[in-house]
>>> print(open('work11.cif').read())   # mmCIF, C-alpha atoms
data_final
#
loop_
_atom_site.label_atom_id
_atom_site.label_comp_id
_atom_site.auth_asym_id
_atom_site.auth_seq_id
_atom_site.Cartn_x
_atom_site.Cartn_y
_atom_site.Cartn_z
CA MET A 503 62.59 112.62 -56.00
CA ASN A 504 60.38 113.03 -52.98
CA GLU A 505 61.83 111.78 -49.76
CA THR A 506 59.52 110.72 -46.97
CA LYS A 507 60.44 112.44 -43.75
CA PRO A 508 60.28 110.33 -40.64
CA GLU A 509 57.38 111.21 -38.38
CA HIS A 510 58.35 113.22 -35.35
CA LYS A 511 57.12 111.45 -32.25
CA PRO A 512 56.77 113.48 -29.07
CA PRO A 513 58.93 112.26 -26.23
CA GLU A 514 57.23 109.92 -23.85
CA PRO A 515 56.41 111.52 -20.47
CA LEU A 516 58.67 110.51 -17.66
CA PRO A 517 57.09 108.49 -14.88
CA GLU A 518 56.04 110.64 -11.95
CA ALA A 519 58.21 110.37 -8.90
CA LYS A 520 56.55 108.87 -5.89
CA ASN A 521 55.71 111.37 -3.17
CA THR A 522 57.84 109.80 -0.46
CA LYS A 523 58.72 111.64 2.70
CA SER A 524 62.25 111.98 3.95
CA GLY A 525 63.34 110.41 7.20
CA GLY A 526 63.45 113.81 8.88
CA GLU A 527 59.90 114.64 7.84
CA LYS A 528 58.61 111.29 9.11
CA THR A 529 60.33 111.92 12.45
CA PHE A 530 58.87 115.43 12.54
CA ASP A 531 55.33 114.13 11.94
CA ARG A 532 55.70 111.50 14.67
CA ALA A 533 57.01 114.02 17.18
CA VAL A 534 54.38 116.65 16.41
CA TYR A 535 51.25 114.62 15.69
CA VAL A 536 51.88 111.55 17.84
CA GLY A 537 53.81 113.27 20.62
CA LEU A 538 52.25 116.73 20.90
CA ALA A 539 48.84 116.18 19.29
CA GLY A 540 48.50 112.68 20.75
CA VAL A 541 50.19 112.02 24.09
CA GLY A 542 50.55 115.68 25.03
CA THR A 543 46.92 116.43 24.23
CA PHE A 544 45.74 113.40 26.22
CA ILE A 545 47.58 114.52 29.36
CA VAL A 546 46.60 118.18 29.10
CA THR A 547 42.98 117.26 28.35
CA LEU A 548 42.68 115.11 31.46
CA TYR A 549 43.76 118.02 33.63
CA LEU A 550 41.68 120.71 31.90
CA ALA A 551 38.56 118.58 31.45
CA PHE A 552 38.62 117.54 35.12
CA LYS A 553 38.97 121.15 36.23
CA LEU A 554 36.16 122.26 33.92
CA LYS A 555 33.75 119.54 35.01
CA HIS A 556 34.60 119.06 38.69
CA GLY A 557 36.51 122.21 39.66
CA GLY A 558 35.26 124.37 42.48
CA TRP A 559 34.71 127.43 40.29
CA ALA A 560 34.27 125.86 36.84
CA GLY A 561 32.06 122.94 37.93
CA PRO A 562 28.90 125.02 38.48
CA ARG A 563 29.54 126.89 35.21
CA TYR A 564 29.84 123.51 33.46
CA GLN A 565 26.37 122.55 34.66
CA GLU A 566 25.03 125.99 33.73
CA ALA A 567 26.36 125.51 30.19
CA ILE A 568 24.52 122.19 29.95
CA GLY A 569 21.31 123.79 31.20
CA TRP A 570 21.55 126.72 28.80
CA THR A 571 22.22 124.43 25.83
CA GLN A 572 19.39 122.10 26.85
CA ARG A 573 16.86 124.96 27.10
CA ASN A 574 17.73 126.17 23.61
CA LEU A 575 17.62 122.68 22.11
CA ALA A 576 14.25 121.98 23.76
CA ARG A 577 12.67 124.34 21.24
CA VAL A 578 13.41 121.78 18.52
CA PHE A 579 13.97 118.40 20.21
CA SER A 580 12.28 116.46 22.99
CA PRO A 581 13.42 117.10 26.59
CA GLU A 582 15.23 113.74 26.78
CA THR A 583 17.04 114.24 23.47
CA SER A 584 17.88 117.83 24.34
CA LYS A 585 19.47 116.72 27.60
CA LYS A 586 21.63 114.06 25.93
CA VAL A 587 22.75 116.36 23.13
CA ALA A 588 23.51 119.19 25.58
CA GLU A 589 25.59 116.92 27.84
CA GLU A 590 27.63 115.53 24.94
CA ALA A 591 28.11 118.96 23.33
CA VAL A 592 29.49 120.46 26.54
CA MET A 593 31.55 117.33 27.25
CA THR A 594 33.01 117.42 23.73
CA SER A 595 33.96 121.06 24.21
CA ALA A 596 35.68 120.19 27.50
CA LEU A 597 37.55 117.30 25.87
CA MET A 598 38.73 119.59 23.06
CA MET A 599 40.36 122.14 25.38
CA GLY A 600 43.60 120.18 25.67
CA GLY A 601 43.96 119.96 21.91
CA ASN A 602 43.14 123.65 21.56
CA ALA A 603 45.96 124.49 23.96
CA MET A 604 48.37 122.27 22.03
CA ILE A 605 47.72 124.21 18.81
CA VAL A 606 50.31 126.77 19.96
CA PRO A 607 53.36 124.41 20.09
CA ILE A 608 52.13 122.56 17.00
CA GLY A 609 51.77 125.83 15.08
CA VAL A 610 55.26 126.95 16.14
CA ALA A 611 56.72 123.59 15.06
CA GLU A 612 54.97 123.81 11.67
CA HIS A 613 56.27 127.37 11.21
CA TYR A 614 59.86 126.14 11.59
CA LYS A 615 59.26 122.82 9.82
CA VAL A 616 61.79 123.37 7.01
CA PRO A 617 64.86 124.05 9.20
CA ILE A 618 63.82 121.36 11.70
CA VAL A 619 63.34 118.70 9.01
CA SER A 620 66.54 119.77 7.23
CA GLY A 621 68.47 119.38 10.48
CA LEU A 622 66.93 115.97 11.12
CA ASN A 623 67.78 114.87 7.56
CA THR A 624 71.40 115.94 8.08
CA MET A 625 71.60 113.98 11.33
CA MET A 626 70.06 110.91 9.68
CA GLY A 627 72.17 111.13 6.52
CA ASP A 628 69.12 111.78 4.35
CA LYS A 629 70.09 113.80 1.26
CA THR A 630 66.64 115.19 0.51
CA PRO A 631 67.16 118.84 -0.56
CA PRO A 632 65.45 121.61 1.45
CA GLU A 633 63.65 122.71 -1.73
CA ALA A 634 61.65 119.47 -1.70
CA ILE A 635 60.54 120.20 1.88
CA GLU A 636 59.55 123.76 1.04
CA LYS A 637 57.32 122.61 -1.83
CA ALA A 638 55.10 120.54 0.48
CA PRO A 639 51.95 122.33 1.76
CA LYS A 640 52.56 123.73 5.23
CA GLN A 641 50.12 123.95 8.09
CA THR A 642 49.04 127.47 8.96
CA TRP A 643 47.29 128.80 12.04
CA TRP A 644 44.01 128.95 10.12
CA SER A 645 44.35 125.40 8.74
CA LEU A 646 45.01 124.14 12.29
CA ILE A 647 41.90 125.94 13.55
CA GLU A 648 39.85 124.47 10.70
CA GLY A 649 41.20 121.04 11.58
CA ARG A 650 40.12 121.51 15.21
CA LEU A 651 36.61 122.53 14.14
CA VAL A 652 36.29 119.40 12.00
CA ALA A 653 37.67 117.33 14.88
CA TRP A 654 35.03 118.76 17.25
CA GLY A 655 32.30 117.63 14.89
CA ALA A 656 33.83 114.17 14.55
CA VAL A 657 34.25 113.66 18.31
CA PHE A 658 30.74 114.96 19.03
CA GLY A 659 29.30 112.65 16.37
CA ALA A 660 31.15 109.65 17.80
CA LEU A 661 29.98 110.34 21.36
CA MET A 662 26.40 110.92 20.28
CA SER A 663 26.41 107.72 18.22
CA ALA A 664 27.65 105.72 21.19
CA ARG A 665 25.15 107.44 23.49
CA PHE A 666 22.16 106.51 21.32
CA ALA A 667 23.36 103.20 19.87
CA VAL A 668 24.66 101.49 23.03
CA PRO A 669 23.67 103.71 25.96
CA LYS A 670 24.05 101.05 28.67
CA SER A 671 27.35 99.72 27.31
CA PHE A 672 28.62 103.26 26.94
CA GLU A 673 27.94 104.06 30.60
CA LEU A 674 29.26 100.70 31.79
CA PHE A 675 32.48 101.18 29.84
CA GLN A 676 33.14 104.57 31.47
CA ALA A 677 32.29 103.21 34.92
CA GLU A 678 34.55 100.19 34.41
CA VAL A 679 37.52 102.34 33.41
CA GLY A 680 36.80 104.65 36.36
CA GLU A 681 36.79 101.76 38.84
CA ARG A 682 39.99 100.26 37.40
CA THR A 683 41.68 103.63 37.63
CA HIS A 684 40.58 103.99 41.25
CA GLN A 685 41.90 100.53 42.08
CA LEU A 686 45.24 101.29 40.44
CA VAL A 687 45.65 104.58 42.31
CA GLN A 688 44.71 103.00 45.63
CA TRP A 689 47.12 100.11 45.01
CA MET A 690 49.93 102.58 44.34
CA ARG A 691 49.04 104.42 47.55
CA ARG A 692 48.77 101.10 49.43
CA ALA A 693 45.30 102.19 50.56
CA PRO A 694 42.05 100.18 50.63
CA THR A 695 39.75 100.54 47.62
CA LEU A 696 36.21 101.82 47.97
CA VAL A 697 33.11 100.11 46.62
CA GLY A 698 29.57 101.06 45.70
CA GLU A 699 28.48 104.68 45.42
CA ALA A 700 31.41 105.89 47.51
CA VAL A 701 33.91 105.15 44.75
CA LYS A 702 32.03 107.42 42.31
CA GLU A 703 32.85 110.46 44.43
CA THR A 704 36.60 109.87 44.36
CA ARG A 705 38.94 111.90 42.18
CA SER A 706 40.54 108.80 40.65
CA PHE A 707 37.16 107.42 39.51
CA ARG A 708 36.22 110.71 37.83
CA VAL A 709 39.61 110.96 36.15
CA GLY A 710 39.20 107.38 34.88
CA LYS A 711 35.81 108.15 33.36
CA LEU A 712 37.26 111.15 31.57
CA ALA A 713 40.24 109.08 30.41
CA ALA A 714 37.86 106.54 28.82
CA LEU A 715 36.43 109.30 26.63
CA ASP A 716 39.72 111.13 26.23
CA VAL A 717 41.41 108.17 24.54
CA PHE A 718 38.93 108.05 21.67
CA ALA A 719 38.59 111.81 21.45
CA THR A 720 42.37 112.34 21.28
CA ILE A 721 42.95 109.64 18.64
CA ALA A 722 40.14 111.00 16.47
CA ALA A 723 41.15 114.64 16.93
CA ALA A 724 44.87 114.04 16.29
CA THR A 725 44.14 112.05 13.13
CA ILE A 726 41.73 114.66 11.80
CA LEU A 727 44.11 117.48 12.75
CA TYR A 728 46.86 115.89 10.65
CA VAL A 729 44.73 114.83 7.68
CA GLY A 730 42.24 117.69 7.73
CA GLY A 731 44.82 120.35 8.58
CA HIS A 732 47.05 119.36 5.68
CA PHE A 733 44.00 119.22 3.40
CA PHE A 734 43.06 122.79 4.30
CA ALA A 735 46.70 123.88 3.99
CA ARG A 736 46.83 122.39 0.48
CA LYS A 737 43.62 124.19 -0.47
CA GLN A 738 45.00 127.48 0.84
CA ALA A 739 48.19 126.99 -1.18
CA GLU A 740 46.15 126.29 -4.32
CA LYS A 741 44.02 129.41 -3.76
CA LYS A 742 47.14 131.50 -3.21
CA ALA A 743 48.68 130.16 -6.43
CA ASP A 744 45.45 130.94 -8.32
CA ARG A 745 45.44 134.51 -6.97
CA VAL A 746 49.06 135.01 -8.02
CA GLU A 747 48.34 133.63 -11.49
CA HIS A 748 45.25 135.84 -11.78
CA ARG A 749 47.20 138.95 -10.78
CA HIS A 750 49.95 138.01 -13.25
CA GLY A 751 47.38 137.67 -16.02
CA GLN A 752 45.87 141.04 -15.15
CA HIS A 753 49.33 142.62 -15.16
CA GLU A 754 50.04 141.22 -18.64
CA SER A 755 46.68 142.50 -19.90
CA MET A 756 47.35 145.98 -18.51
CA THR A 757 50.80 145.95 -20.10
CA VAL A 758 49.30 145.11 -23.49
CA LEU A 759 46.71 147.90 -23.12
CA ASP A 760 49.40 150.41 -22.14
CA GLU A 761 51.59 149.45 -25.09
CA ALA A 762 48.73 149.47 -27.63
CA PRO A 763 48.58 153.31 -28.11
CA LYS A 764 52.37 153.44 -28.52
CA ILE A 765 52.27 150.70 -31.14
CA ALA A 766 49.40 152.43 -32.97
CA ARG A 767 51.26 155.77 -33.01
CA ALA A 768 54.40 154.06 -34.30
CA GLN A 769 52.40 152.45 -37.07
CA VAL A 770 50.83 155.81 -38.06
CA VAL A 771 54.19 157.59 -38.07
CA GLY A 772 55.68 154.80 -40.14
CA GLU A 773 52.86 154.99 -42.65
CA LYS A 774 53.24 158.78 -42.94
CA GLN A 775 56.97 158.47 -43.43
CA HIS A 776 56.42 155.81 -46.07
CA ASP A 777 53.86 157.99 -47.89
CA GLY A 778 56.26 160.96 -47.83
CA VAL A 779 59.00 158.91 -49.43
CA VAL A 780 56.65 157.76 -52.15
CA LYS A 781 55.49 161.31 -52.91
CA GLU A 782 59.04 162.70 -53.05
CA THR A 783 60.01 159.90 -55.39
CA ALA A 784 57.04 160.69 -57.61
CA ARG A 785 58.12 164.42 -57.96
CA GLU A 786 61.64 163.59 -59.12
CA PRO A 787 62.17 164.34 -62.86
CA GLN A 788 62.26 161.27 -64.95
CA LEU A 789 65.13 160.89 -67.38
CA THR A 790 64.27 160.07 -70.98
#
>>> encode(input="work11.cif", output="C-alpha cells")
Amino acid sequence: MNETKPEHKPPEPLPEAKNTKSGGEKTFDRAVYVGLAGVGTFIVTLYLAFKLKHGGWAGPRYQEAIGWTQRNLARVFSPETSKKVAEEAVMTSALMMGGNAMIVPIGVAEHYKVPIVSGLNTMMGDKTPPEAIEKAPKQTWWSLIEGRLVAWGAVFGALMSARFAVPKSFELFQAEVGERTHQLVQWMRRAPTLVGEAVKETRSFRVGKLAALDVFATIAAATILYVGGHFFARKQAEKKADRVEHRHGQHESMTVLDEAPKIARAQVVGEKQHDGVVKETAREPQLT
C-alpha cells in the first residue's frame, strides 16, 4: 500500500530586524556630526575664512586667486560670468577650510568609535553588543575626504544658484546680517554704531557677512559629510569584502589544481594494483 508522504515545506524566512541604532551610537553621531562637524566647523570657519579673505598676508593672495581663476575661466565663459564663478569658487574654498581642519578630530573619533559607543551604551544601560557596532560601516580617512569633496561641490552649487537666481536678494541678505552683527557687537561694547559705507569697513560687519554664508555652508557640508561619508565607507567595505571573497575563490581553485595530480596518480596506482590482483588470480590453478 502506497503511503503519501507529506510535502516538505521550507521554513518561512524570519522577518529582518530593523536597523536601529543604540543610544550610545546616537549620542556619538550627535557629538561628532552636530558638535564637531556642525558647531565646531562654524566657529573655526569664521576665523579661518576671515583671515584668508581679510588678513594682512592672506588677503592679497585671496584676490590673486580670484584673478587667476577668472583669467582661466575667461577662455570659456564671458568676463562677467567668469568673475562671478571665480569669486564663488574661491569663497567656497575659504568656507571649506574650517571643515577640512575638523576632519582630524572627526577621523580620530571614528577610529575609536567602537570603544566610545560601547562605553556610552554601558553608561546609558543599553545592552547592544559590541559586535553589532563593529558590523556597521566605519568612516575612514578616505571616505571623509570624499565626503568633503562632495560637500565642496554642493556648497559651490548652492552659492552659484543664489548668485544667479536672486543676485540682489543674495547681496542684501549678507549685508543685512553684517549690519546686525555690527550693531550687536557695538551694543555689547557700549559704543555707537556706524552707518553708511563706514560700517562696511568694520571687522564685525565682515564677520557677519561671512557668518551669513557660513551657516548654510556648514549645514550642507556637515549633512553631506555624514551621509556621503558613510555611503563611501559602505562602498569601501563592500569592495573589501568582494576582494576577500575573490582571493578565497582563487585559493580554492589553486588548491584543487594542486590536488588534481595527486588524485590522478592515486587513481593510476589503484588501477594498476587492481589489474595485478586480477592477473594473479587468473594464474592460480583451477581445481576440478
>>> residues_near_point(input="work11.cif", point="(45.4, 113.7, 33.8)", cutoff="12 Å", atoms="all atoms listed in the file", output="JSON, numbers by chain")
{"A": [541, 542, 543, 544, 545, 546, 547, 548, 549, 550, 551, 552, 553, 597, 600, 683, 705, 706, 707, 708, 709, 710, 711, 712, 713, 714, 716, 717]}
>>> resolve_selection(input="work11.cif", expression="the PyMOL selection byres ((chain A and resi 555) around 10)", output="ChimeraX atom specification")
/A:550-554,556-565,592-593,596,708,712
>>> resolve_selection(input="work11.cif", expression="the PyMOL selection byres ((chain A and resi 613-620) around 7)", output="PDB file with C-alpha atoms, keeping the file's coordinate frame")
ATOM      1  CA  GLY A 526      63.450 113.810   8.880  1.00  0.00           C
ATOM      2  CA  GLU A 527      59.900 114.640   7.840  1.00  0.00           C
ATOM      3  CA  PHE A 530      58.870 115.430  12.540  1.00  0.00           C
ATOM      4  CA  GLY A 609      51.770 125.830  15.080  1.00  0.00           C
ATOM      5  CA  VAL A 610      55.260 126.950  16.140  1.00  0.00           C
ATOM      6  CA  ALA A 611      56.720 123.590  15.060  1.00  0.00           C
ATOM      7  CA  GLU A 612      54.970 123.810  11.670  1.00  0.00           C
ATOM      8  CA  GLY A 621      68.470 119.380  10.480  1.00  0.00           C
ATOM      9  CA  LEU A 622      66.930 115.970  11.120  1.00  0.00           C
ATOM     10  CA  ASN A 623      67.780 114.870   7.560  1.00  0.00           C
ATOM     11  CA  THR A 624      71.400 115.940   8.080  1.00  0.00           C
ATOM     12  CA  PRO A 632      65.450 121.610   1.450  1.00  0.00           C
ATOM     13  CA  ILE A 635      60.540 120.200   1.880  1.00  0.00           C
ATOM     14  CA  GLU A 636      59.550 123.760   1.040  1.00  0.00           C
TER      15      GLU A 636
END
>>> resolve_selection(input="work11.cif", expression="the PyMOL selection byres ((chain A and resi 665-678) around 12)", output="PyMOL selection string")
chain A and resi 582-583+585-587+589-591+658-664+679-685+698-699+701-703+706-718
>>> write_last_selection(input="work11.cif", atoms="C-alpha atoms", output="compact mmCIF listing (two decimals), in the frame of the given file")
# COMPACT_ATOMS: atom_id res chain seq x y z
CA GLU A 582 15.23 113.74 26.78
CA THR A 583 17.04 114.24 23.47
CA LYS A 585 19.47 116.72 27.60
CA LYS A 586 21.63 114.06 25.93
CA VAL A 587 22.75 116.36 23.13
CA GLU A 589 25.59 116.92 27.84
CA GLU A 590 27.63 115.53 24.94
CA ALA A 591 28.11 118.96 23.33
CA PHE A 658 30.74 114.96 19.03
CA GLY A 659 29.30 112.65 16.37
CA ALA A 660 31.15 109.65 17.80
CA LEU A 661 29.98 110.34 21.36
CA MET A 662 26.40 110.92 20.28
CA SER A 663 26.41 107.72 18.22
CA ALA A 664 27.65 105.72 21.19
CA VAL A 679 37.52 102.34 33.41
CA GLY A 680 36.80 104.65 36.36
CA GLU A 681 36.79 101.76 38.84
CA ARG A 682 39.99 100.26 37.40
CA THR A 683 41.68 103.63 37.63
CA HIS A 684 40.58 103.99 41.25
CA GLN A 685 41.90 100.53 42.08
CA GLY A 698 29.57 101.06 45.70
CA GLU A 699 28.48 104.68 45.42
CA VAL A 701 33.91 105.15 44.75
CA LYS A 702 32.03 107.42 42.31
CA GLU A 703 32.85 110.46 44.43
CA SER A 706 40.54 108.80 40.65
CA PHE A 707 37.16 107.42 39.51
CA ARG A 708 36.22 110.71 37.83
CA VAL A 709 39.61 110.96 36.15
CA GLY A 710 39.20 107.38 34.88
CA LYS A 711 35.81 108.15 33.36
CA LEU A 712 37.26 111.15 31.57
CA ALA A 713 40.24 109.08 30.41
CA ALA A 714 37.86 106.54 28.82
CA LEU A 715 36.43 109.30 26.63
CA ASP A 716 39.72 111.13 26.23
CA VAL A 717 41.41 108.17 24.54
CA PHE A 718 38.93 108.05 21.67
>>> atom_distance(input="work11.cif", atom1="atom CA of Gly537 of chain A", atom2="atom CA of Asn602 of chain A")
14.9 Å
>>> atom_distance(input="work11.cif", atom1="atom CA of Thr725 of chain A", atom2="atom CA of Ala638 of chain A")
18.8 Å
>>> residues_around(input="work11.cif", residues="Trp654 of chain A", least_positions_apart="6", cutoff="8 Å", atoms="only C-alpha atoms", output="ChimeraX atom specification")
/A:594-595,598,723
